[in-house]
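S.K.: Hey, dropping protein.cif in here, mmCIF, C-alpha atoms:
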```cif
data_run
loop_
_atom_site.label_atom_id
_atom_site.label_comp_id
_atom_site.auth_asym_id
_atom_site.auth_seq_id
_atom_site.Cartn_x
_atom_site.Cartn_y
_atom_site.Cartn_z
CA MET A 1 87.64 220.35 108.94
CA ASN A 2 90.88 222.26 109.39
CA ARG A 3 93.32 221.01 106.72
CA PHE A 4 96.19 221.35 109.20
CA ALA A 5 94.42 219.65 112.10
CA HIS A 6 96.95 216.81 112.15
CA VAL A 7 99.89 219.27 112.29
CA LEU A 8 98.25 221.24 115.09
CA ARG A 9 97.26 218.11 116.97
CA ARG A 10 100.86 216.90 116.92
CA ILE A 11 101.97 220.14 118.55
CA ASP A 12 99.05 220.38 120.97
CA ALA A 13 99.58 216.83 122.24
CA ARG A 14 103.12 217.68 123.35
CA LEU A 15 102.41 221.09 124.87
CA ASP A 16 102.17 220.23 128.52
CA LEU A 17 100.82 223.61 129.56
CA PRO A 18 97.74 224.86 131.38
CA GLN A 19 95.21 227.18 129.82
CA PRO A 20 95.27 229.94 128.69
CA ALA A 21 98.90 229.64 127.57
CA ARG A 22 98.30 226.45 125.62
CA GLY A 23 95.22 227.77 123.82
CA ARG A 24 96.96 231.01 122.91
CA ILE A 25 100.00 229.25 121.47
CA MET A 26 97.76 226.97 119.43
CA LEU A 27 95.63 229.88 118.17
CA GLU A 28 98.74 231.75 117.08
CA ILE A 29 100.26 228.75 115.29
CA ALA A 30 96.93 227.82 113.67
CA ALA A 31 96.52 231.31 112.21
CA ASP A 32 100.14 231.42 111.00
CA VAL A 33 99.84 228.00 109.37
CA GLU A 34 96.78 229.13 107.39
CA ASP A 35 98.37 232.43 106.40
CA LEU A 36 101.60 230.81 105.24
CA PHE A 37 99.57 228.35 103.18
CA ALA A 38 97.69 231.28 101.60
CA VAL A 39 101.00 233.03 100.80
CA TYR A 40 102.37 229.92 99.07
CA ARG A 41 99.16 229.51 97.09
CA GLU A 42 99.24 233.19 96.02
CA ARG A 43 102.75 232.61 94.76
CA GLY A 44 101.50 229.94 92.43
CA LEU A 45 102.25 226.75 94.33
CA GLY A 46 99.81 223.89 93.88
CA GLU A 47 97.69 222.88 96.86
CA GLU A 48 99.65 219.68 97.55
CA GLU A 49 103.00 221.42 97.31
CA ALA A 50 101.89 224.31 99.51
CA LEU A 51 100.52 221.86 102.09
CA GLY A 52 103.77 219.92 102.08
CA ARG A 53 105.90 223.01 102.51
CA VAL A 54 103.81 224.37 105.37
CA GLU A 55 103.87 221.00 107.10
CA GLU A 56 107.64 220.85 106.75
CA LYS A 57 108.05 224.38 108.11
CA PHE A 58 105.86 223.72 111.13
CA THR A 59 107.67 220.66 112.36
CA VAL A 60 108.28 221.59 115.99
CA SER A 61 111.21 219.88 117.68
CA GLU A 62 111.15 218.51 121.23
CA GLU A 63 113.64 221.23 122.27
CA ALA A 64 111.33 223.96 120.98
CA ILE A 65 108.35 222.42 122.79
CA ALA A 66 110.36 222.17 126.01
CA GLU A 67 111.40 225.80 125.67
CA LEU A 68 107.82 226.95 125.10
CA VAL A 69 106.70 225.01 128.15
CA ALA A 70 109.51 226.51 130.25
CA ILE A 71 108.63 230.04 129.09
CA HIS A 72 104.94 229.74 129.83
CA GLN A 73 104.99 228.02 133.19
CA PRO A 74 105.85 230.61 135.82
CA ALA A 75 105.71 229.64 139.49
CA TYR A 76 102.62 231.70 140.32
CA ARG A 77 100.70 230.09 137.44
CA ARG A 78 101.59 226.66 138.72
CA PHE A 79 100.25 227.71 142.09
CA THR A 80 96.96 229.21 140.88
CA ASP A 81 96.43 226.35 138.43
CA SER A 82 96.79 223.82 141.19
CA LEU A 83 94.25 225.81 143.18
CA SER A 84 91.70 225.88 140.41
CA ALA A 85 92.35 222.22 139.63
CA GLN A 86 91.60 221.35 143.24
CA ALA A 87 88.45 223.36 143.10
CA ARG A 88 87.26 221.87 139.86
CA THR A 89 85.27 219.12 141.49
CA ARG A 90 81.68 219.95 142.14
CA PHE A 91 81.96 218.76 145.71
CA GLU A 92 84.51 221.41 146.64
CA ARG A 93 82.58 224.21 144.98
CA VAL A 94 79.38 223.15 146.69
CA LEU A 95 81.18 222.94 150.02
CA LEU A 96 82.53 226.47 149.65
CA ALA A 97 79.11 227.78 148.63
CA LEU A 98 77.49 226.09 151.64
CA LEU A 99 80.10 227.58 153.94
CA LEU A 100 79.48 231.02 152.47
CA LEU A 101 75.71 230.62 152.79
CA SER A 102 75.96 229.49 156.41
CA MET A 103 78.21 232.45 157.21
CA LEU A 104 75.79 234.76 155.45
CA GLY A 105 72.96 233.18 157.45
CA VAL A 106 74.70 233.94 160.73
CA GLY A 107 76.60 237.10 159.88
CA GLY A 108 74.17 238.69 157.42
CA PRO A 109 71.41 239.55 159.93
CA LEU A 110 74.04 240.83 162.36
CA LEU A 111 75.67 243.06 159.77
CA ALA A 112 72.28 244.26 158.56
CA ARG A 113 71.67 245.90 161.93
CA ALA A 114 72.59 249.57 161.77
CA GLU A 115 73.78 249.41 165.37
CA MET A 116 76.48 246.89 164.47
CA ILE A 117 77.81 249.09 161.67
CA ARG A 118 77.73 252.17 163.92
CA GLN A 119 79.76 250.36 166.55
CA ALA A 120 82.29 249.02 164.07
CA SER A 121 85.75 250.54 163.87
CA ASP A 122 86.73 252.77 160.96
CA PHE A 123 88.37 249.78 159.30
CA ILE A 124 84.93 248.69 158.14
CA TRP A 125 84.90 251.32 155.36
CA PRO A 126 87.95 250.08 153.43
CA VAL A 127 86.51 246.56 153.71
CA VAL A 128 83.15 247.83 152.40
CA GLY A 129 85.05 249.57 149.57
CA ILE A 130 86.96 246.41 148.64
CA GLY A 131 83.73 244.40 148.82
CA ALA A 132 81.91 246.87 146.56
CA ALA A 133 84.79 246.96 144.04
CA THR A 134 84.97 243.16 144.01
CA GLY A 135 81.21 242.91 143.56
CA LEU A 136 81.35 245.36 140.66
CA LEU A 137 84.16 243.37 139.06
CA VAL A 138 82.16 240.15 139.37
CA LEU A 139 79.15 241.81 137.70
CA MET A 140 81.36 243.13 134.88
CA LYS A 141 82.88 239.69 134.28
CA LEU A 142 79.45 238.03 134.33
CA TYR A 143 78.20 240.61 131.81
CA GLN A 144 81.29 240.13 129.61
CA LEU A 145 81.12 236.33 129.60
CA PHE A 146 77.39 235.58 129.63
CA VAL A 147 75.55 238.64 128.26
CA LYS A 148 77.97 240.31 125.85
CA LYS A 149 79.69 236.96 125.12
CA ASP A 150 82.98 238.74 124.60
CA HIS A 151 85.40 235.81 124.42
CA ARG A 152 88.41 237.64 123.05
CA THR A 153 91.54 235.78 124.11
CA ARG A 154 93.36 238.68 125.71
CA ARG A 155 90.26 239.73 127.69
CA LEU A 156 89.06 236.34 128.87
CA ARG A 157 91.14 236.24 132.04
CA SER A 158 91.43 239.95 132.62
CA GLY A 159 90.29 240.90 136.10
CA LEU A 160 90.26 237.37 137.48
CA SER A 161 93.40 237.84 139.51
CA LEU A 162 91.92 241.10 140.85
CA LEU A 163 89.20 238.99 142.47
CA LEU A 164 91.84 237.06 144.38
CA LEU A 165 93.48 240.35 145.27
CA GLY A 166 90.12 241.60 146.58
CA ALA A 167 89.71 238.45 148.70
CA GLY A 168 93.21 238.78 150.13
CA GLY A 169 92.89 242.55 150.56
CA SER A 170 89.66 242.39 152.54
CA LEU A 171 91.13 239.75 154.87
CA LEU A 172 94.31 241.74 155.28
CA VAL A 173 92.51 245.01 156.11
CA ALA A 174 90.07 243.27 158.49
CA GLY A 175 92.91 241.41 160.21
CA PHE A 176 94.93 244.61 160.52
CA GLY A 177 91.92 246.43 162.00
CA PHE A 178 91.45 243.56 164.45
CA ALA A 179 95.10 243.81 165.56
CA VAL A 180 95.02 247.62 165.83
CA GLY A 181 91.85 247.42 167.98
CA LEU A 182 93.51 244.87 170.25
CA HIS A 183 96.61 247.03 170.57
CA GLN A 184 94.52 250.08 171.52
CA ALA A 185 92.51 248.07 174.06
CA LEU A 186 95.70 246.73 175.67
CA GLN A 187 97.13 250.24 175.95
CA LYS A 188 94.01 251.36 177.80
CA ILE A 189 94.00 248.29 180.04
CA VAL A 190 97.60 249.03 181.11
CA LEU A 191 96.53 252.52 182.24
CA ASP A 192 93.24 251.44 183.77
CA THR A 193 93.25 247.77 184.85
CA GLU A 194 89.84 248.04 186.48
CA GLY A 195 88.24 248.68 183.11
CA LEU A 196 89.62 245.43 181.66
CA TRP A 197 86.28 243.86 180.68
CA LEU A 198 84.87 247.10 179.40
CA TYR A 199 87.79 247.54 177.00
CA VAL A 200 87.77 243.90 175.89
CA VAL A 201 84.03 243.99 175.18
CA ARG A 202 84.37 247.31 173.36
CA TRP A 203 87.23 245.89 171.25
CA LEU A 204 85.13 242.85 170.36
CA LEU A 205 82.14 245.00 169.46
CA THR A 206 84.17 247.25 167.16
CA SER A 207 86.30 244.50 165.58
CA ALA A 208 83.79 241.67 165.11
CA PRO A 209 81.71 243.33 162.34
CA VAL A 210 84.90 244.24 160.44
CA MET A 211 86.25 240.71 160.71
CA LEU A 212 82.90 239.20 159.74
CA LEU A 213 82.53 241.43 156.70
CA GLY A 214 86.16 240.79 155.71
CA LEU A 215 85.63 237.03 155.87
CA LEU A 216 82.36 237.17 153.92
CA THR A 217 83.92 239.35 151.23
CA ALA A 218 86.94 237.06 150.93
CA MET A 219 84.82 233.92 150.68
CA ALA A 220 82.42 235.39 148.15
CA ALA A 221 85.31 236.69 146.03
CA ALA A 222 87.03 233.28 146.16
CA LEU A 223 83.84 231.48 145.20
CA PHE A 224 83.24 233.74 142.20
CA TRP A 225 86.89 233.43 141.21
CA LEU A 226 86.58 229.64 141.16
CA MET A 227 83.38 229.71 139.13
CA LEU A 228 84.61 232.30 136.63
CA THR A 229 88.00 230.57 136.24
CA HIS A 230 86.20 227.31 135.52
CA THR A 231 83.98 229.05 132.93
CA VAL A 232 86.96 230.71 131.23
CA GLU A 233 88.85 227.40 131.10
CA ARG A 234 85.83 225.75 129.50
CA ILE A 235 85.66 228.52 126.84
CA GLU A 236 89.38 228.21 126.10
CA GLN A 237 89.14 224.44 125.84
CA MET A 238 86.19 224.73 123.44
CA GLU A 239 88.20 227.10 121.25
CA VAL A 240 91.12 224.68 121.04
CA GLU A 241 88.81 221.75 120.36
CA SER A 242 87.06 223.59 117.53
CA LEU A 243 90.49 224.39 116.12
CA LEU A 244 91.53 220.75 116.17
CA SER A 245 88.26 219.32 114.89
CA MET B 1 130.71 253.15 126.23
CA GLU B 2 129.74 250.09 128.25
CA HIS B 3 127.93 247.38 126.36
CA ASP B 4 126.35 244.05 127.16
CA ASN B 5 128.63 241.02 127.16
CA LEU B 6 128.18 238.68 124.27
CA GLU B 7 128.79 235.13 125.42
CA THR B 8 130.09 232.99 122.61
CA GLN B 9 128.00 229.98 123.63
CA ASN B 10 124.90 232.15 123.17
CA LEU B 11 125.83 233.44 119.72
CA PRO B 12 123.13 231.61 117.73
CA ARG B 13 120.46 232.65 120.24
CA VAL B 14 121.52 236.28 120.25
CA ALA B 15 121.79 236.30 116.45
CA ASN B 16 118.26 234.93 116.12
CA GLU B 17 116.93 237.46 118.59
CA LEU B 18 118.61 240.34 116.79
CA LEU B 19 117.30 239.20 113.42
CA ILE B 20 113.77 239.10 114.80
CA LEU B 21 114.08 242.44 116.57
CA GLY B 22 115.54 243.93 113.40
CA SER B 23 112.64 242.79 111.27
CA LEU B 24 110.22 244.39 113.74
CA ALA B 25 112.10 247.69 113.80
CA ASP B 26 109.79 249.44 111.35
CA ARG B 27 106.47 247.64 111.42
CA LYS B 28 104.27 245.17 113.23
CA MET B 29 104.25 241.60 111.96
CA HIS B 30 102.80 238.15 112.53
CA GLY B 31 105.16 235.35 113.52
CA TYR B 32 105.13 233.66 110.12
CA GLU B 33 105.72 237.00 108.37
CA ILE B 34 108.91 237.54 110.35
CA ALA B 35 110.32 234.16 109.36
CA LEU B 36 109.24 234.58 105.74
CA GLU B 37 110.76 238.03 105.44
CA LEU B 38 114.04 236.98 107.04
CA GLU B 39 114.32 234.06 104.65
CA GLU B 40 113.52 236.11 101.59
CA GLN B 41 115.56 239.18 102.42
CA SER B 42 118.62 237.05 103.15
CA SER B 43 118.07 234.99 99.98
CA GLY B 44 117.61 231.89 102.07
CA LEU B 45 120.65 232.40 104.33
CA PHE B 46 118.56 232.91 107.48
CA ARG B 47 116.07 230.12 107.24
CA PHE B 48 113.89 229.65 110.31
CA GLN B 49 112.14 226.48 111.23
CA TYR B 50 108.88 227.93 112.51
CA GLY B 51 108.95 225.70 115.53
CA THR B 52 112.08 227.44 116.77
CA LEU B 53 110.60 230.84 116.01
CA TYR B 54 107.82 230.74 118.62
CA PRO B 55 110.02 230.09 121.68
CA ILE B 56 112.23 233.02 120.64
CA LEU B 57 109.24 235.31 120.05
CA HIS B 58 107.61 234.36 123.33
CA ARG B 59 110.86 234.75 125.26
CA LEU B 60 111.37 238.22 123.79
CA GLU B 61 107.77 239.08 124.61
CA LYS B 62 108.14 237.92 128.17
CA ALA B 63 111.29 240.00 128.56
CA GLY B 64 109.35 243.04 127.32
CA PHE B 65 111.49 243.47 124.20
CA ILE B 66 108.53 242.95 121.87
CA LYS B 67 104.83 243.27 122.49
CA GLY B 68 102.29 240.76 121.20
CA ARG B 69 98.80 242.03 120.55
CA TRP B 70 95.75 239.97 119.65
CA VAL B 71 93.54 241.48 116.98
CA LYS B 72 90.19 240.11 115.93
CA GLU B 73 89.89 239.75 112.17
CA GLY B 74 86.50 238.80 110.83
CA ALA B 75 83.87 237.02 112.87
CA LYS B 76 85.98 234.39 114.57
CA ARG B 77 89.58 234.84 113.47
CA LYS B 78 92.13 236.09 115.96
CA ARG B 79 95.63 237.08 114.93
CA LYS B 80 98.67 237.96 116.94
CA TYR B 81 100.87 240.85 115.90
CA TYR B 82 104.26 241.69 117.32
CA THR B 83 105.79 245.14 117.69
CA LEU B 84 109.18 246.24 118.94
CA THR B 85 109.17 248.05 122.29
CA ALA B 86 111.47 250.87 123.39
CA ARG B 87 113.10 248.42 125.78
CA GLY B 88 113.64 245.97 122.94
CA ARG B 89 115.24 248.65 120.79
CA GLU B 90 117.59 249.53 123.65
CA TYR B 91 118.44 245.86 124.23
CA ALA B 92 119.12 245.35 120.52
CA ARG B 93 121.46 248.36 120.42
CA GLY B 94 123.47 247.01 123.36
CA GLN B 95 123.70 243.56 121.80
CA LEU B 96 124.67 244.99 118.41
CA GLU B 97 127.55 246.92 119.94
CA ALA B 98 128.75 243.74 121.62
CA TRP B 99 128.25 241.91 118.35
CA ASP B 100 130.33 244.46 116.40
CA GLU B 101 133.14 244.26 118.90
CA PHE B 102 133.03 240.47 118.79
CA ALA B 103 133.21 240.48 114.98
CA GLU B 104 136.14 242.94 115.04
CA ARG B 105 138.14 240.87 117.51
CA PHE B 106 137.28 237.63 115.79
CA THR B 107 138.53 239.00 112.48
CA ALA B 108 141.71 240.28 114.11
CA MET B 109 142.43 236.99 115.87
CA THR B 110 141.90 234.85 112.79
CA ARG B 111 143.78 237.16 110.41
CA GLY B 112 146.73 234.76 110.25
CA LEU B 113 144.52 232.06 108.79
CA ARG B 114 143.38 234.17 105.86
CA PRO B 115 145.15 233.85 102.54
#
```
Using the file provided, produce a representation of the structure as C-alpha cells.

M.R.:
Amino acid sequence: MNRFAHVLRRIDARLDLPQPARGRIMLEIAADVEDLFAVYRERGLGEEEALGRVEEKFTVSEEAIAELVAIHQPAYRRFTDSLSAQARTRFERVLLALLLLSMLGVGGPLLARAEMIRQASDFIWPVVGIGAATGLLVLMKLYQLFVKKDHRTRRLRSGLSLLLLGAGGSLLVAGFGFAVGLHQALQKIVLDTEGLWLYVVRWLLTSAPVMLLGLLTAMAAALFWLMLTHTVERIEQMEVESLLS
Amino acid sequence: MEHDNLETQNLPRVANELLILGSLADRKMHGYEIALELEEQSSGLFRFQYGTLYPILHRLEKAGFIKGRWVKEGAKRKRKYYTLTARGREYARGQLEAWDEFAERFTAMTRGLRP
C-alpha cells in the first residue's frame, strides 16, 4: 500500500477534472511525494518525522485546487469529454456500430464495383487518402494499446484527435466535391437547358460514391475514436486507482 | 527598451514565476526539486507550499514558458521533468526588467521613510 495514499486521496477527491489531466496531475504529485520523502530520509530524518514533513508540505489549498482545475479545463476538452461521456453507454456504441454496418451493407457492394469508382469525381481520391490514413492510424493505436501494451502517459492519447480530424476531413472533402459537382452541373444546364436530366444524373453518378465513401469513413473513424477513447480512459483510471490503493 | 508592465497586484505571482523560471535556467528538474532548491538556496526565505507550486508550474507549461516531459524510470515509475524554453527565457527577461524598474522606483519613492 502506498504510504501516502491518504494524502493523494485527499487531493484526488477534490480535483474535479476529466482524464487524462487528473491522472497526470496525480501521477506527478505521487512521484514527487515519494521522492521528497526519500530526500528527507537520506538527510537523516526518522520515518515518522519525514512522513509528517511531507504531509505538511503537500497540503493543497482550495485555491490551488481551483487554479489547477481552471488551468486544465479548456473549452475544447469540455466539448470532447461531453461527447465521449455521451457515448460511454453501450447502447450508443452499439447503435453507431449498427448504423455503420447497415451503411456498409448498402454502400459497400456499390463502392466495390469498379464502374462506380471509375464514374466518381476526382474528389474520391483525397477521401480514399484520408480513409487510408485514418485506417492506418487506427491500426497503429490498436497495436500500441493491445499488442505492444505501451501505456506511457504522454503517448496514451496521441493520435486520438487525429481520428476526429480524419472523420471531419473526409466529410468536408466529400461535401465540397458534392457542391463543386452541383455547381458545374448548373453551369452546363444554364448553357444547355435541354440536357437538364443528363447533367443531373451525371452529377449524381459522380458525386454519390464520393459522398458515400466520405460518410463511411467519417462514421468508422468516429466509432474507433469512441472505442479507443473509452479504452484509454479505462487505462488511465486503472493507473490512478493502483496509485491510491 | 520596452518592457512588460509589472502590475503591483500580481507581484507575488510574478515573483513566484520568476523564481521557478530562474531555478530551471540551467538544468531540468522535477517539481519537488524546484521547491526544495528554492527553499535551501534562499535559506528558507522562499518557502513553497507544494500545493501552490503545481498550479504555477502547469500555468507556465501551458503558456509555453517551460516544457514538462514524462520519463519512464524503472518498470512502472513515471516522472515529470521541467525545462525552460526559449520563450520562457524571453518572458523572464522582460519581467526581470520590469521588476528592476519597479524596485528602483519603489526605493526612490520610499526614500523619505528610511532612517

S.K.: Contacts of region 76-93 of chain B at 10 Å or less, counting only C-alpha atoms, minus same-chain residues fewer than 3 places along, as an mmCIF file with C-alpha atoms, keeping the file's coordinate frame?

M.R.:
```
data_model
loop_
_atom_site.group_PDB
_atom_site.id
_atom_site.type_symbol
_atom_site.label_atom_id
_atom_site.label_comp_id
_atom_site.auth_asym_id
_atom_site.auth_seq_id
_atom_site.Cartn_x
_atom_site.Cartn_y
_atom_site.Cartn_z
ATOM 1 C CA ARG A 24 96.960 231.010 122.910
ATOM 2 C CA ILE A 25 100.000 229.250 121.470
ATOM 3 C CA LEU A 27 95.630 229.880 118.170
ATOM 4 C CA GLU A 28 98.740 231.750 117.080
ATOM 5 C CA ILE A 29 100.260 228.750 115.290
ATOM 6 C CA ALA A 30 96.930 227.820 113.670
ATOM 7 C CA ALA A 31 96.520 231.310 112.210
ATOM 8 C CA ASP A 32 100.140 231.420 111.000
ATOM 9 C CA HIS A 151 85.400 235.810 124.420
ATOM 10 C CA ARG A 152 88.410 237.640 123.050
ATOM 11 C CA THR A 153 91.540 235.780 124.110
ATOM 12 C CA HIS B 3 127.930 247.380 126.360
ATOM 13 C CA ASP B 4 126.350 244.050 127.160
ATOM 14 C CA VAL B 14 121.520 236.280 120.250
ATOM 15 C CA GLU B 17 116.930 237.460 118.590
ATOM 16 C CA LEU B 18 118.610 240.340 116.790
ATOM 17 C CA LEU B 19 117.300 239.200 113.420
ATOM 18 C CA ILE B 20 113.770 239.100 114.800
ATOM 19 C CA LEU B 21 114.080 242.440 116.570
ATOM 20 C CA GLY B 22 115.540 243.930 113.400
ATOM 21 C CA SER B 23 112.640 242.790 111.270
ATOM 22 C CA LEU B 24 110.220 244.390 113.740
ATOM 23 C CA ALA B 25 112.100 247.690 113.800
ATOM 24 C CA ASP B 26 109.790 249.440 111.350
ATOM 25 C CA ARG B 27 106.470 247.640 111.420
ATOM 26 C CA LYS B 28 104.270 245.170 113.230
ATOM 27 C CA MET B 29 104.250 241.600 111.960
ATOM 28 C CA HIS B 30 102.800 238.150 112.530
ATOM 29 C CA GLY B 31 105.160 235.350 113.520
ATOM 30 C CA GLU B 33 105.720 237.000 108.370
ATOM 31 C CA ILE B 34 108.910 237.540 110.350
ATOM 32 C CA LEU B 57 109.240 235.310 120.050
ATOM 33 C CA LEU B 60 111.370 238.220 123.790
ATOM 34 C CA GLU B 61 107.770 239.080 124.610
ATOM 35 C CA ALA B 63 111.290 240.000 128.560
ATOM 36 C CA GLY B 64 109.350 243.040 127.320
ATOM 37 C CA PHE B 65 111.490 243.470 124.200
ATOM 38 C CA ILE B 66 108.530 242.950 121.870
ATOM 39 C CA LYS B 67 104.830 243.270 122.490
ATOM 40 C CA GLY B 68 102.290 240.760 121.200
ATOM 41 C CA ARG B 69 98.800 242.030 120.550
ATOM 42 C CA TRP B 70 95.750 239.970 119.650
ATOM 43 C CA VAL B 71 93.540 241.480 116.980
ATOM 44 C CA LYS B 72 90.190 240.110 115.930
ATOM 45 C CA GLU B 73 89.890 239.750 112.170
ATOM 46 C CA LEU B 96 124.670 244.990 118.410
ATOM 47 C CA GLU B 97 127.550 246.920 119.940
ATOM 48 C CA ALA B 98 128.750 243.740 121.620
ATOM 49 C CA TRP B 99 128.250 241.910 118.350
#
```

S.K.: Using all atoms listed in the file, pick whichever of A:Ala70, A:Gly177, A:Gly44, A:Phe37 has the shortest atom-to-atom distance to Phe58 (chain A).

M.R.: A:Phe37

S.K.: For chain B, list the residues within 6 Å of chain A, counting only C-alpha atoms, and write the list as a PyMOL selection string.

M.R.: chain B and resi 32+49-52+55

S.K.: Taking all atoms listed in the file into account, which of A:Phe4, A:Val210, A:Met227, A:Pro126 comes nearest Leu110 (chain A)?

M.R.: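 Counting all atoms listed in the file, the residue closest to Leu110 (chain A) is A:Val210.
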
S.K.: Quick one, how far is CA of Val7 (chain A) from CA of Ala50 (chain A)?

M.R.: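 Rounded to one decimal, the two atoms are 13.9 Å apart.
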
S.K.: List the neighbours of Ala221 (chain A) out to 8 Å using all atoms listed in the file; skip same-chain residues closer than 2 positions along the sequence, and give me the result as number ranges by chain.

M.R.: A: 134-135, 163-164, 166-167, 217-219, 223-225

S.K.: Counting all atoms listed in the file, what is within 12 Å of Ala222 (chain A), bar same-chain residues fewer than 6 positions away, as a ChimeraX atom specification?

M.R.: /A:80,83-84,87,93,96-97,99-100,131,134-135,138,160-171,215-216,228-229

S.K.: Which value, in Å to one decimal, gives the distance between CA of Arg13 (chain B) and CA of Ala103 (chain B)?

M.R.: 15.9 Å

S.K.: In Å, rounded to a single decimal, give me how far CA of Arg157 (chain A) is from CA of Met238 (chain A).

M.R.: 15.2 Å

S.K.: Might you pull out every residue within 12 Å of Met116 (chain A), with only C-alpha atoms counted and same-chain residues fewer than 6 positions away left off, and present them as a list in words?

M.R.: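 Listing them by chain and then by number gives Gly107, Gly108, Pro109, Leu110, Ile124, Arg202, Leu204, Leu205, Thr206, Ser207, Ala208, Pro209, Val210, Leu212 and Leu213 of chain A.
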
S.K.: Quick one: region 108-178 of chain A with C-alpha atoms, as a tab-separated table (two decimals), in the first residue's frame?

M.R.:
```tsv
chain	number	residue	atom	x	y	z
A	108	GLY	CA	-20.07	-1.46	-49.63
A	109	PRO	CA	-21.26	-3.55	-52.60
A	110	LEU	CA	-21.87	-0.36	-54.59
A	111	LEU	CA	-18.42	1.01	-53.87
A	112	ALA	CA	-16.85	-2.37	-54.59
A	113	ARG	CA	-17.96	-2.10	-58.22
A	114	ALA	CA	-15.13	-0.76	-60.34
A	115	GLU	CA	-17.65	1.06	-62.51
A	116	MET	CA	-18.78	3.19	-59.57
A	117	ILE	CA	-15.22	4.23	-58.77
A	118	ARG	CA	-14.49	4.98	-62.44
A	119	GLN	CA	-17.53	7.23	-62.63
A	120	ALA	CA	-16.73	9.05	-59.40
A	121	SER	CA	-15.35	12.57	-59.49
A	122	ASP	CA	-11.70	13.25	-58.70
A	123	PHE	CA	-12.69	14.14	-55.15
A	124	ILE	CA	-12.84	10.44	-54.39
A	125	TRP	CA	-9.03	10.21	-54.18
A	126	PRO	CA	-8.50	12.64	-51.30
A	127	VAL	CA	-11.32	10.85	-49.46
A	128	VAL	CA	-9.63	7.49	-50.16
A	129	GLY	CA	-6.36	9.02	-48.89
A	130	ILE	CA	-7.96	10.29	-45.68
A	131	GLY	CA	-9.68	6.92	-45.20
A	132	ALA	CA	-6.41	5.03	-45.66
A	133	ALA	CA	-4.51	7.37	-43.29
A	134	THR	CA	-7.27	7.06	-40.68
A	135	GLY	CA	-7.29	3.27	-41.05
A	136	LEU	CA	-3.52	3.16	-40.61
A	137	LEU	CA	-3.78	5.34	-37.50
A	138	VAL	CA	-6.42	3.04	-36.02
A	139	LEU	CA	-4.18	0.01	-36.64
A	140	MET	CA	-1.22	1.78	-35.03
A	141	LYS	CA	-3.27	2.71	-31.95
A	142	LEU	CA	-4.65	-0.83	-31.65
A	143	TYR	CA	-1.10	-2.21	-31.89
A	144	GLN	CA	0.17	0.32	-29.31
A	145	LEU	CA	-2.61	-0.33	-26.79
A	146	PHE	CA	-3.32	-4.05	-27.16
A	147	VAL	CA	-0.22	-5.72	-28.66
A	148	LYS	CA	2.74	-3.61	-27.52
A	149	LYS	CA	0.84	-2.51	-24.38
A	150	ASP	CA	2.63	0.82	-24.45
A	151	HIS	CA	0.70	2.76	-21.80
A	152	ARG	CA	3.08	5.67	-21.38
A	153	THR	CA	1.12	8.68	-20.17
A	154	ARG	CA	2.22	11.13	-22.83
A	155	ARG	CA	1.52	8.63	-25.64
A	156	LEU	CA	-1.80	7.26	-24.48
A	157	ARG	CA	-3.95	9.87	-26.18
A	158	SER	CA	-1.62	10.74	-29.00
A	159	GLY	CA	-3.34	10.42	-32.36
A	160	LEU	CA	-6.86	10.20	-30.98
A	161	SER	CA	-7.78	13.71	-32.02
A	162	LEU	CA	-6.36	12.94	-35.48
A	163	LEU	CA	-9.12	10.34	-35.84
A	164	LEU	CA	-11.72	13.03	-35.30
A	165	LEU	CA	-9.86	15.21	-37.75
A	166	GLY	CA	-9.96	12.36	-40.28
A	167	ALA	CA	-13.73	11.97	-39.76
A	168	GLY	CA	-14.32	15.68	-40.20
A	169	GLY	CA	-11.87	15.94	-43.10
A	170	SER	CA	-13.46	13.15	-45.13
A	171	LEU	CA	-16.92	14.69	-44.67
A	172	LEU	CA	-15.62	18.12	-45.58
A	173	VAL	CA	-13.86	16.94	-48.76
A	174	ALA	CA	-16.84	14.81	-49.83
A	175	GLY	CA	-19.27	17.67	-49.17
A	176	PHE	CA	-17.05	20.10	-51.06
A	177	GLY	CA	-16.85	17.68	-54.01
A	178	PHE	CA	-20.63	17.33	-53.93
```
